[in-house]
>>> print(open('upload35.pdb').read())   # PDB, C-alpha atoms
ATOM      1  CA  MET A   1       0.000   0.000   0.000
ATOM      2  CA  PRO A   2       1.570   3.349  -1.056
ATOM      3  CA  TYR A   3       2.499   5.881   1.593
ATOM      4  CA  THR A   4      -0.382   8.233   2.318
ATOM      5  CA  ARG A   5      -0.020  11.998   2.056
ATOM      6  CA  GLU A   6      -0.040  12.158   5.862
ATOM      7  CA  GLU A   7       2.786   9.614   6.096
ATOM      8  CA  LEU A   8       4.881  11.477   3.526
ATOM      9  CA  ASP A   9       4.327  14.745   5.395
ATOM     10  CA  TRP A  10       5.288  13.007   8.643
ATOM     11  CA  MET A  11       8.541  11.620   7.247
ATOM     12  CA  GLU A  12       9.476  14.944   5.678
ATOM     13  CA  ALA A  13       8.720  16.779   8.936
ATOM     14  CA  GLU A  14      10.891  14.335  10.894
ATOM     15  CA  TRP A  15      13.672  14.777   8.343
ATOM     16  CA  ALA A  16      13.561  18.557   8.784
ATOM     17  CA  PHE A  17      13.430  18.183  12.568
ATOM     18  CA  HIS A  18      16.586  16.090  12.727
ATOM     19  CA  LEU A  19      18.388  18.462  10.389
ATOM     20  CA  HIS A  20      17.284  21.470  12.452
ATOM     21  CA  GLY A  21      15.515  22.960   9.460
ATOM     22  CA  ARG A  22      18.392  22.493   7.029
ATOM     23  CA  GLN A  23      17.494  20.526   3.907
ATOM     24  CA  ALA A  24      13.938  20.856   5.180
ATOM     25  CA  PHE A  25      12.613  19.624   1.872
ATOM     26  CA  MET A  26      13.684  16.227   0.682
ATOM     27  CA  SER A  27      15.607  16.094  -2.560
ATOM     28  CA  ARG A  28      14.486  14.236  -5.669
ATOM     29  CA  GLU A  29      16.894  11.436  -4.748
ATOM     30  CA  ASP A  30      15.377  11.253  -1.258
ATOM     31  CA  PHE A  31      11.883  10.855  -2.677
ATOM     32  CA  LEU A  32      13.143   8.178  -5.055
ATOM     33  CA  GLN A  33      14.567   6.354  -2.036
ATOM     34  CA  LEU A  34      11.182   6.601  -0.320
ATOM     35  CA  GLN A  35       9.587   5.088  -3.406
ATOM     36  CA  VAL A  36      11.998   2.158  -3.184
ATOM     37  CA  TRP A  37      11.154   1.547   0.466
ATOM     38  CA  ASP A  38       7.478   2.019  -0.302
ATOM     39  CA  GLY A  39       7.731  -0.622  -3.009
ATOM     40  CA  GLU A  40       9.400  -2.976  -0.539
ATOM     41  CA  GLY A  41       6.487  -2.523   1.846
ATOM     42  CA  ILE A  42       8.524  -0.788   4.543
ATOM     43  CA  PRO A  43       6.138   1.132   6.847
ATOM     44  CA  ALA A  44       6.542   4.857   7.405
ATOM     45  CA  ASP A  45       7.081   4.406  11.143
ATOM     46  CA  ALA A  46      10.023   2.088  10.421
ATOM     47  CA  VAL A  47      11.614   4.831   8.306
ATOM     48  CA  VAL A  48      11.019   7.398  11.057
ATOM     49  CA  GLY A  49      12.517   5.032  13.620
ATOM     50  CA  ALA A  50      15.544   4.564  11.375
ATOM     51  CA  MET A  51      15.956   8.347  11.192
ATOM     52  CA  GLU A  52      16.028   8.547  14.984
ATOM     53  CA  ALA A  53      18.630   5.786  15.237
ATOM     54  CA  TYR A  54      20.811   7.290  12.506
ATOM     55  CA  PHE A  55      20.795  10.844  13.840
ATOM     56  CA  GLU A  56      21.315   9.709  17.419
ATOM     57  CA  ARG A  57      24.447   7.891  16.278
ATOM     58  CA  ARG A  58      25.499  10.817  14.083
ATOM     59  CA  ALA A  59      25.249  13.250  17.010
ATOM     60  CA  LYS A  60      27.914  11.277  18.878
ATOM     61  CA  ARG A  61      30.489  11.636  16.113
ATOM     62  CA  GLU A  62      33.168  14.287  16.431
ATOM     63  CA  LYS A  63      32.960  15.204  12.756
ATOM     64  CA  PRO A  64      29.642  14.057  11.316
ATOM     65  CA  ARG A  65      29.207  14.327   7.584
ATOM     66  CA  THR A  66      27.626  17.630   6.601
ATOM     67  CA  TRP A  67      25.594  16.271   3.707
ATOM     68  CA  VAL A  68      22.988  13.689   4.582
ATOM     69  CA  ALA A  69      20.687  11.741   2.291
ATOM     70  CA  LEU A  70      17.941   9.249   3.021
ATOM     71  CA  SER A  71      20.045   6.555   1.379
ATOM     72  CA  HIS A  72      22.462   6.865   4.313
ATOM     73  CA  LEU A  73      19.722   5.365   6.492
ATOM     74  CA  ALA A  74      19.619   2.095   4.547
ATOM     75  CA  LYS A  75      21.276   0.006   7.273
ATOM     76  CA  ASP A  76      19.073   1.499   9.970
ATOM     77  CA  VAL A  77      15.959   0.834   7.902
ATOM     78  CA  ALA A  78      17.092  -2.767   7.410
ATOM     79  CA  ARG A  79      17.582  -3.151  11.169
ATOM     80  CA  ALA A  80      14.148  -1.667  11.825
ATOM     81  CA  VAL A  81      12.587  -4.143   9.403
ATOM     82  CA  LYS A  82      14.370  -7.058  11.096
ATOM     83  CA  LEU A  83      13.200  -5.845  14.491
ATOM     84  CA  ARG A  84       9.621  -5.640  13.271
ATOM     85  CA  ALA A  85       9.930  -9.166  11.915
ATOM     86  CA  ALA A  86      11.242 -10.367  15.270
ATOM     87  CA  LEU A  87       8.293  -8.766  17.004
ATOM     88  CA  GLY A  88       5.902  -9.960  14.334
ATOM     89  CA  LYS A  89       4.717 -12.805  16.511
ATOM     90  CA  VAL A  90       1.702 -10.692  17.294
ATOM     91  CA  GLU A  91      -1.216 -11.986  15.278
ATOM     92  CA  ALA A  92      -3.051  -9.564  13.021
ATOM     93  CA  GLU A  93      -6.112  -9.637  15.233
ATOM     94  CA  ASP A  94      -4.039  -8.371  18.158
ATOM     95  CA  LEU A  95      -3.442  -5.132  16.245
ATOM     96  CA  SER A  96      -6.873  -4.894  14.684
ATOM     97  CA  GLY A  97      -8.210  -2.929  17.645
ATOM     98  CA  TRP A  98      -6.979   0.217  15.941
ATOM     99  CA  GLU A  99      -9.710  -0.079  13.327
ATOM    100  CA  ALA A 100     -12.284   0.620  16.041
ATOM    101  CA  VAL A 101     -10.648   3.940  16.956
ATOM    102  CA  LYS A 102     -12.631   7.008  15.949
ATOM    103  CA  GLU A 103     -11.537   9.557  13.383
ATOM    104  CA  PRO A 104      -9.520  11.703  13.049
ATOM    105  CA  LEU A 105      -7.156   9.873  15.417
ATOM    106  CA  ARG A 106      -7.433   6.634  13.436
ATOM    107  CA  SER A 107      -5.914   8.313  10.358
ATOM    108  CA  ASP A 108      -2.990   9.803  12.295
ATOM    109  CA  PRO A 109       0.102   7.753  11.309
ATOM    110  CA  ARG A 110       1.932   8.808  14.479
ATOM    111  CA  ALA A 111      -0.868   7.524  16.697
ATOM    112  CA  ARG A 112      -1.193   4.261  14.775
ATOM    113  CA  ALA A 113       2.565   3.691  14.959
ATOM    114  CA  ALA A 114       2.492   4.360  18.716
ATOM    115  CA  PHE A 115      -0.407   1.921  19.151
ATOM    116  CA  GLU A 116       1.314  -0.850  17.200
ATOM    117  CA  ALA A 117       4.639  -0.283  18.969
ATOM    118  CA  TRP A 118       2.890  -0.612  22.330
ATOM    119  CA  LYS A 119       0.991  -3.748  21.294
ATOM    120  CA  ARG A 120       4.068  -5.435  19.833
ATOM    121  CA  PHE A 121       6.117  -4.602  22.894
ATOM    122  CA  GLN A 122       3.427  -6.061  25.132
ATOM    123  CA  ALA A 123       3.402  -9.255  23.088
ATOM    124  CA  ALA A 124       7.174  -9.603  23.438
ATOM    125  CA  ALA A 125       7.036  -9.444  27.249
ATOM    126  CA  PRO A 126       9.307 -11.929  29.039
ATOM    127  CA  PRO A 127       7.875 -14.258  31.713
ATOM    128  CA  PRO A 128       6.938 -12.502  34.993
ATOM    129  CA  ASP A 129       9.745 -14.306  36.818
ATOM    130  CA  SER A 130      12.336 -13.132  34.281
ATOM    131  CA  PRO A 131      15.011 -10.659  35.531
ATOM    132  CA  GLY A 132      14.078  -8.225  32.760
ATOM    133  CA  PHE A 133      10.320  -8.311  33.310
ATOM    134  CA  LEU A 134      10.063  -5.126  35.394
ATOM    135  CA  ASP A 135      12.186  -3.123  32.950
ATOM    136  CA  HIS A 136      10.051  -4.405  30.098
ATOM    137  CA  PHE A 137       6.894  -3.497  32.009
ATOM    138  CA  ASP A 138       8.161   0.052  32.614
ATOM    139  CA  GLN A 139       9.011   0.483  28.936
ATOM    140  CA  ALA A 140       5.565  -0.778  27.936
ATOM    141  CA  ARG A 141       4.009   1.833  30.222
ATOM    142  CA  ARG A 142       6.133   4.540  28.607
ATOM    143  CA  LEU A 143       4.983   3.455  25.156
ATOM    144  CA  HIS A 144       1.384   3.548  26.336
ATOM    145  CA  ARG A 145       1.891   7.053  27.731
ATOM    146  CA  ASP A 146       3.273   8.130  24.347
ATOM    147  CA  LEU A 147       0.095   6.858  22.702
ATOM    148  CA  LEU A 148      -2.124   8.575  25.260
ATOM    149  CA  ALA A 149      -0.263  11.866  24.803
ATOM    150  CA  LEU A 150      -1.058  11.814  21.084
ATOM    151  CA  ALA A 151      -4.675  10.868  21.780
ATOM    152  CA  GLU A 152      -5.020  13.642  24.362
ATOM    153  CA  ALA A 153      -3.531  16.262  22.031
ATOM    154  CA  ALA A 154      -5.937  15.201  19.283
ATOM    155  CA  LEU A 155      -8.913  15.931  21.544
ATOM    156  CA  GLY A 156      -8.314  19.647  21.175
ATOM    157  CA  ALA A 157     -11.018  21.743  22.835
ATOM    158  CA  ARG A 158     -12.909  18.624  23.935
ATOM    159  CA  ALA A 159     -10.196  17.890  26.487
ATOM    160  CA  GLU A 160     -11.274  20.787  28.705
ATOM    161  CA  ALA A 161     -14.814  19.436  29.079
ATOM    162  CA  LEU A 162     -13.417  16.013  30.001
ATOM    163  CA  ARG A 163     -11.120  17.595  32.594
ATOM    164  CA  GLU A 164     -13.956  19.556  34.191
ATOM    165  CA  SER A 165     -16.140  16.455  34.345
ATOM    166  CA  LEU A 166     -13.408  14.369  35.955
ATOM    167  CA  LEU A 167     -12.519  17.111  38.444
ATOM    168  CA  ALA A 168     -16.167  17.249  39.496
ATOM    169  CA  ARG A 169     -16.329  13.475  39.946
ATOM    170  CA  LEU A 170     -13.170  13.440  42.046
ATOM    171  CA  ALA A 171     -14.513  16.302  44.154
ATOM    172  CA  GLU A 172     -17.677  14.290  44.801
ATOM    173  CA  SER A 173     -15.534  11.405  46.019
ATOM    174  CA  LYS A 174     -14.100  13.704  48.727
ATOM    175  CA  LEU A 175     -10.509  13.049  47.659
ATOM    176  CA  GLN A 176      -8.167  15.855  48.649
ATOM    177  CA  GLU A 177      -6.778  17.397  45.489
ATOM    178  CA  GLY A 178      -3.015  17.185  45.134
ATOM    179  CA  THR A 179      -2.519  14.172  47.390
ATOM    180  CA  LEU A 180      -0.846  11.009  46.147
ATOM    181  CA  VAL A 181      -4.152   9.139  46.172
ATOM    182  CA  TRP A 182      -5.837  11.947  44.216
ATOM    183  CA  LYS A 183      -3.046  11.976  41.621
ATOM    184  CA  ARG A 184      -3.261   8.229  41.159
ATOM    185  CA  ALA A 185      -7.026   8.427  40.781
ATOM    186  CA  TRP A 186      -6.674  11.298  38.318
ATOM    187  CA  ASP A 187      -4.109   9.483  36.183
ATOM    188  CA  HIS A 188      -6.172   6.305  36.073
ATOM    189  CA  HIS A 189      -9.513   7.923  35.263
ATOM    190  CA  TRP A 190      -8.069  10.530  32.910
ATOM    191  CA  ASN A 191      -6.327   7.874  30.835
ATOM    192  CA  ARG A 192      -9.563   5.903  30.754
ATOM    193  CA  ALA A 193     -11.529   8.993  29.691
ATOM    194  CA  VAL A 194      -9.113   9.725  26.835
ATOM    195  CA  CYS A 195      -9.297   6.119  25.639
ATOM    196  CA  ASP A 196     -13.093   6.099  25.841
ATOM    197  CA  ALA A 197     -13.305   9.357  23.898
ATOM    198  CA  TRP A 198     -11.553   7.705  20.952
ATOM    199  CA  GLY A 199     -12.930   4.194  21.371
ATOM    200  CA  MET A 200      -9.532   2.752  22.287
ATOM    201  CA  GLU A 201      -9.367  -0.460  24.276
TER     202      GLU A 201
END
>>> encode(input="upload35.pdb", output="structure tokens")
Amino acid sequence: MPYTREELDWMEAEWAFHLHGRQAFMSREDFLQLQVWDGEGIPADAVVGAMEAYFERRAKREKPRTWVALSHLAKDVARAVKLRAALGKVEAEDLSGWEAVKEPLRSDPRARAAFEAWKRFQAAAPPPDSPGFLDHFDQARRLHRDLLALAEAALGARAEALRESLLARLAESKLQEGTLVWKRAWDHHWNRAVCDAWGME
């Protein structure tokens, strides 16, 4: 399936972000490279992830190359594809929950990528008695928070009404605002409210 206009805009925006505005528009060669990856079925979020890996590594070099092209990301894209394959144990139905999400969030490639990353990471969880289980659990929670942040931002003006409603409910429960218990209750019910607003499980 060809990259959508939103996915192309996303990749170009990420490219400009990593280059701090320089080469903000991809060159003809860069777009040809995207067409190659598109033809190979490489998802947009894998390309964006490869950008992050490449530029993180580049930032650590004493003398990074001044001219950068998308083709320089080839190895990072290949690694991203291998990682996705390794995490591909998740059955299609495990990711199909995204189709129930309401628009316009469902069409946001960033939100979909965050959802799938969270689901795949959950599926790759080690056994509870494994030494790395708690670290994996914490990372899964961070991925879920990333998804919720995108969902919350997409609410726009509707978020204020949800906040007022939840504040009123917490006030009725006689919880003292600002306490640890209140904060935990807020986080739990706010996350649930955001998910419910978009139809996310």
>>> residues_around(input="upload35.pdb", residues="segment 189-197 of chain A", least_positions_apart="2", cutoff="8 Å", atoms="only C-alpha atoms", output="PyMOL selection string")
chain A and resi 148+151-152+162-163+166+185-187+199-201
>>> resolve_selection(input="upload35.pdb", expression="the PyMOL selection byres ((chain A and resi 55) around 12)", output="compact mmCIF listing (two decimals) with C-alpha atoms, in the frame of the given file")
# COMPACT_ATOMS: atom_id res chain seq x y z
CA GLU A 14 10.89 14.34 10.89
CA TRP A 15 13.67 14.78 8.34
CA ALA A 16 13.56 18.56 8.78
CA PHE A 17 13.43 18.18 12.57
CA HIS A 18 16.59 16.09 12.73
CA LEU A 19 18.39 18.46 10.39
CA HIS A 20 17.28 21.47 12.45
CA VAL A 48 11.02 7.40 11.06
CA GLY A 49 12.52 5.03 13.62
CA ALA A 50 15.54 4.56 11.38
CA MET A 51 15.96 8.35 11.19
CA GLU A 52 16.03 8.55 14.98
CA ALA A 53 18.63 5.79 15.24
CA TYR A 54 20.81 7.29 12.51
CA GLU A 56 21.32 9.71 17.42
CA ARG A 57 24.45 7.89 16.28
CA ARG A 58 25.50 10.82 14.08
CA ALA A 59 25.25 13.25 17.01
CA LYS A 60 27.91 11.28 18.88
CA ARG A 61 30.49 11.64 16.11
CA PRO A 64 29.64 14.06 11.32
CA ARG A 65 29.21 14.33 7.58
CA VAL A 68 22.99 13.69 4.58
CA ALA A 69 20.69 11.74 2.29
CA LEU A 70 17.94 9.25 3.02
CA HIS A 72 22.46 6.86 4.31
CA LEU A 73 19.72 5.36 6.49
CA ASP A 76 19.07 1.50 9.97
>>> resolve_selection(input="upload35.pdb", expression="the PyMOL selection byres ((chain A and resi 137-142) around 9)", output="PDB file with C-alpha atoms, in the frame of the given file")
ATOM      1  CA  TRP A 118       2.890  -0.612  22.330  1.00  0.00           C
ATOM      2  CA  LYS A 119       0.991  -3.748  21.294  1.00  0.00           C
ATOM      3  CA  PHE A 121       6.117  -4.602  22.894  1.00  0.00           C
ATOM      4  CA  GLN A 122       3.427  -6.061  25.132  1.00  0.00           C
ATOM      5  CA  ALA A 125       7.036  -9.444  27.249  1.00  0.00           C
ATOM      6  CA  GLY A 132      14.078  -8.225  32.760  1.00  0.00           C
ATOM      7  CA  PHE A 133      10.320  -8.311  33.310  1.00  0.00           C
ATOM      8  CA  LEU A 134      10.063  -5.126  35.394  1.00  0.00           C
ATOM      9  CA  ASP A 135      12.186  -3.123  32.950  1.00  0.00           C
ATOM     10  CA  HIS A 136      10.051  -4.405  30.098  1.00  0.00           C
ATOM     11  CA  LEU A 143       4.983   3.455  25.156  1.00  0.00           C
ATOM     12  CA  HIS A 144       1.384   3.548  26.336  1.00  0.00           C
ATOM     13  CA  ARG A 145       1.891   7.053  27.731  1.00  0.00           C
ATOM     14  CA  ASP A 146       3.273   8.130  24.347  1.00  0.00           C
ATOM     15  CA  LEU A 147       0.095   6.858  22.702  1.00  0.00           C
TER      16      LEU A 147
END
>>> closest_residue(input="upload35.pdb", among="A:Arg120, A:Arg184, A:Glu12, A:Ser173", to="Ser27 of chain A", atoms="all atoms listed in the file")
A:Glu12
>>> atom_distance(input="upload35.pdb", atom1="atom CA of Ser165 of chain A", atom2="atom CA of Ala100 of chain A")
24.5 Å
>>> atom_distance(input="upload35.pdb", atom1="atom CA of Arg110 of chain A", atom2="atom CA of Ala159 of chain A")
19.3 Å
>>> closest_residue(input="upload35.pdb", among="A:Met11, A:Glu164, A:Tyr3, A:Glu177", to="Gly39 of chain A", atoms="all atoms listed in the file")
A:Tyr3
>>> atom_distance(input="upload35.pdb", atom1="atom CA of Glu29 of chain A", atom2="atom CA of Ala111 of chain A")
28.1 Å
>>> closest_residue(input="upload35.pdb", among="A:Thr66, A:Ala123, A:Asp30, A:Pro109", to="Thr4 of chain A", atoms="only C-alpha atoms")
A:Pro109
>>> residues_near_point(input="upload35.pdb", point="(17.2, -3.6, 10.3)", cutoff="12 Å", atoms="all atoms listed in the file", output="list of chain:residue names")
A:Ile42, A:Ala46, A:Val47, A:Gly49, A:Ala50, A:Ala53, A:Tyr54, A:Leu73, A:Ala74, A:Lys75, A:Asp76, A:Val77, A:Ala78, A:Arg79, A:Ala80, A:Val81, A:Lys82, A:Leu83, A:Arg84, A:Ala85, A:Ala86
>>> decode(input="upload35.pdb", residues="segment 148-181 of chain A", atoms="C-alpha atoms", output="compact mmCIF listing (two decimals), in the first residue's frame")
# COMPACT_ATOMS: atom_id res chain seq x y z
CA LEU A 148 -2.12 8.58 25.26
CA ALA A 149 -0.26 11.87 24.80
CA LEU A 150 -1.06 11.81 21.08
CA ALA A 151 -4.67 10.87 21.78
CA GLU A 152 -5.02 13.64 24.36
CA ALA A 153 -3.53 16.26 22.03
CA ALA A 154 -5.94 15.20 19.28
CA LEU A 155 -8.91 15.93 21.54
CA GLY A 156 -8.31 19.65 21.17
CA ALA A 157 -11.02 21.74 22.83
CA ARG A 158 -12.91 18.62 23.93
CA ALA A 159 -10.20 17.89 26.49
CA GLU A 160 -11.27 20.79 28.70
CA ALA A 161 -14.81 19.44 29.08
CA LEU A 162 -13.42 16.01 30.00
CA ARG A 163 -11.12 17.59 32.59
CA GLU A 164 -13.96 19.56 34.19
CA SER A 165 -16.14 16.46 34.34
CA LEU A 166 -13.41 14.37 35.96
CA LEU A 167 -12.52 17.11 38.44
CA ALA A 168 -16.17 17.25 39.50
CA ARG A 169 -16.33 13.47 39.95
CA LEU A 170 -13.17 13.44 42.05
CA ALA A 171 -14.51 16.30 44.15
CA GLU A 172 -17.68 14.29 44.80
CA SER A 173 -15.53 11.40 46.02
CA LYS A 174 -14.10 13.70 48.73
CA LEU A 175 -10.51 13.05 47.66
CA GLN A 176 -8.17 15.85 48.65
CA GLU A 177 -6.78 17.40 45.49
CA GLY A 178 -3.01 17.18 45.13
CA THR A 179 -2.52 14.17 47.39
CA LEU A 180 -0.85 11.01 46.15
CA VAL A 181 -4.15 9.14 46.17
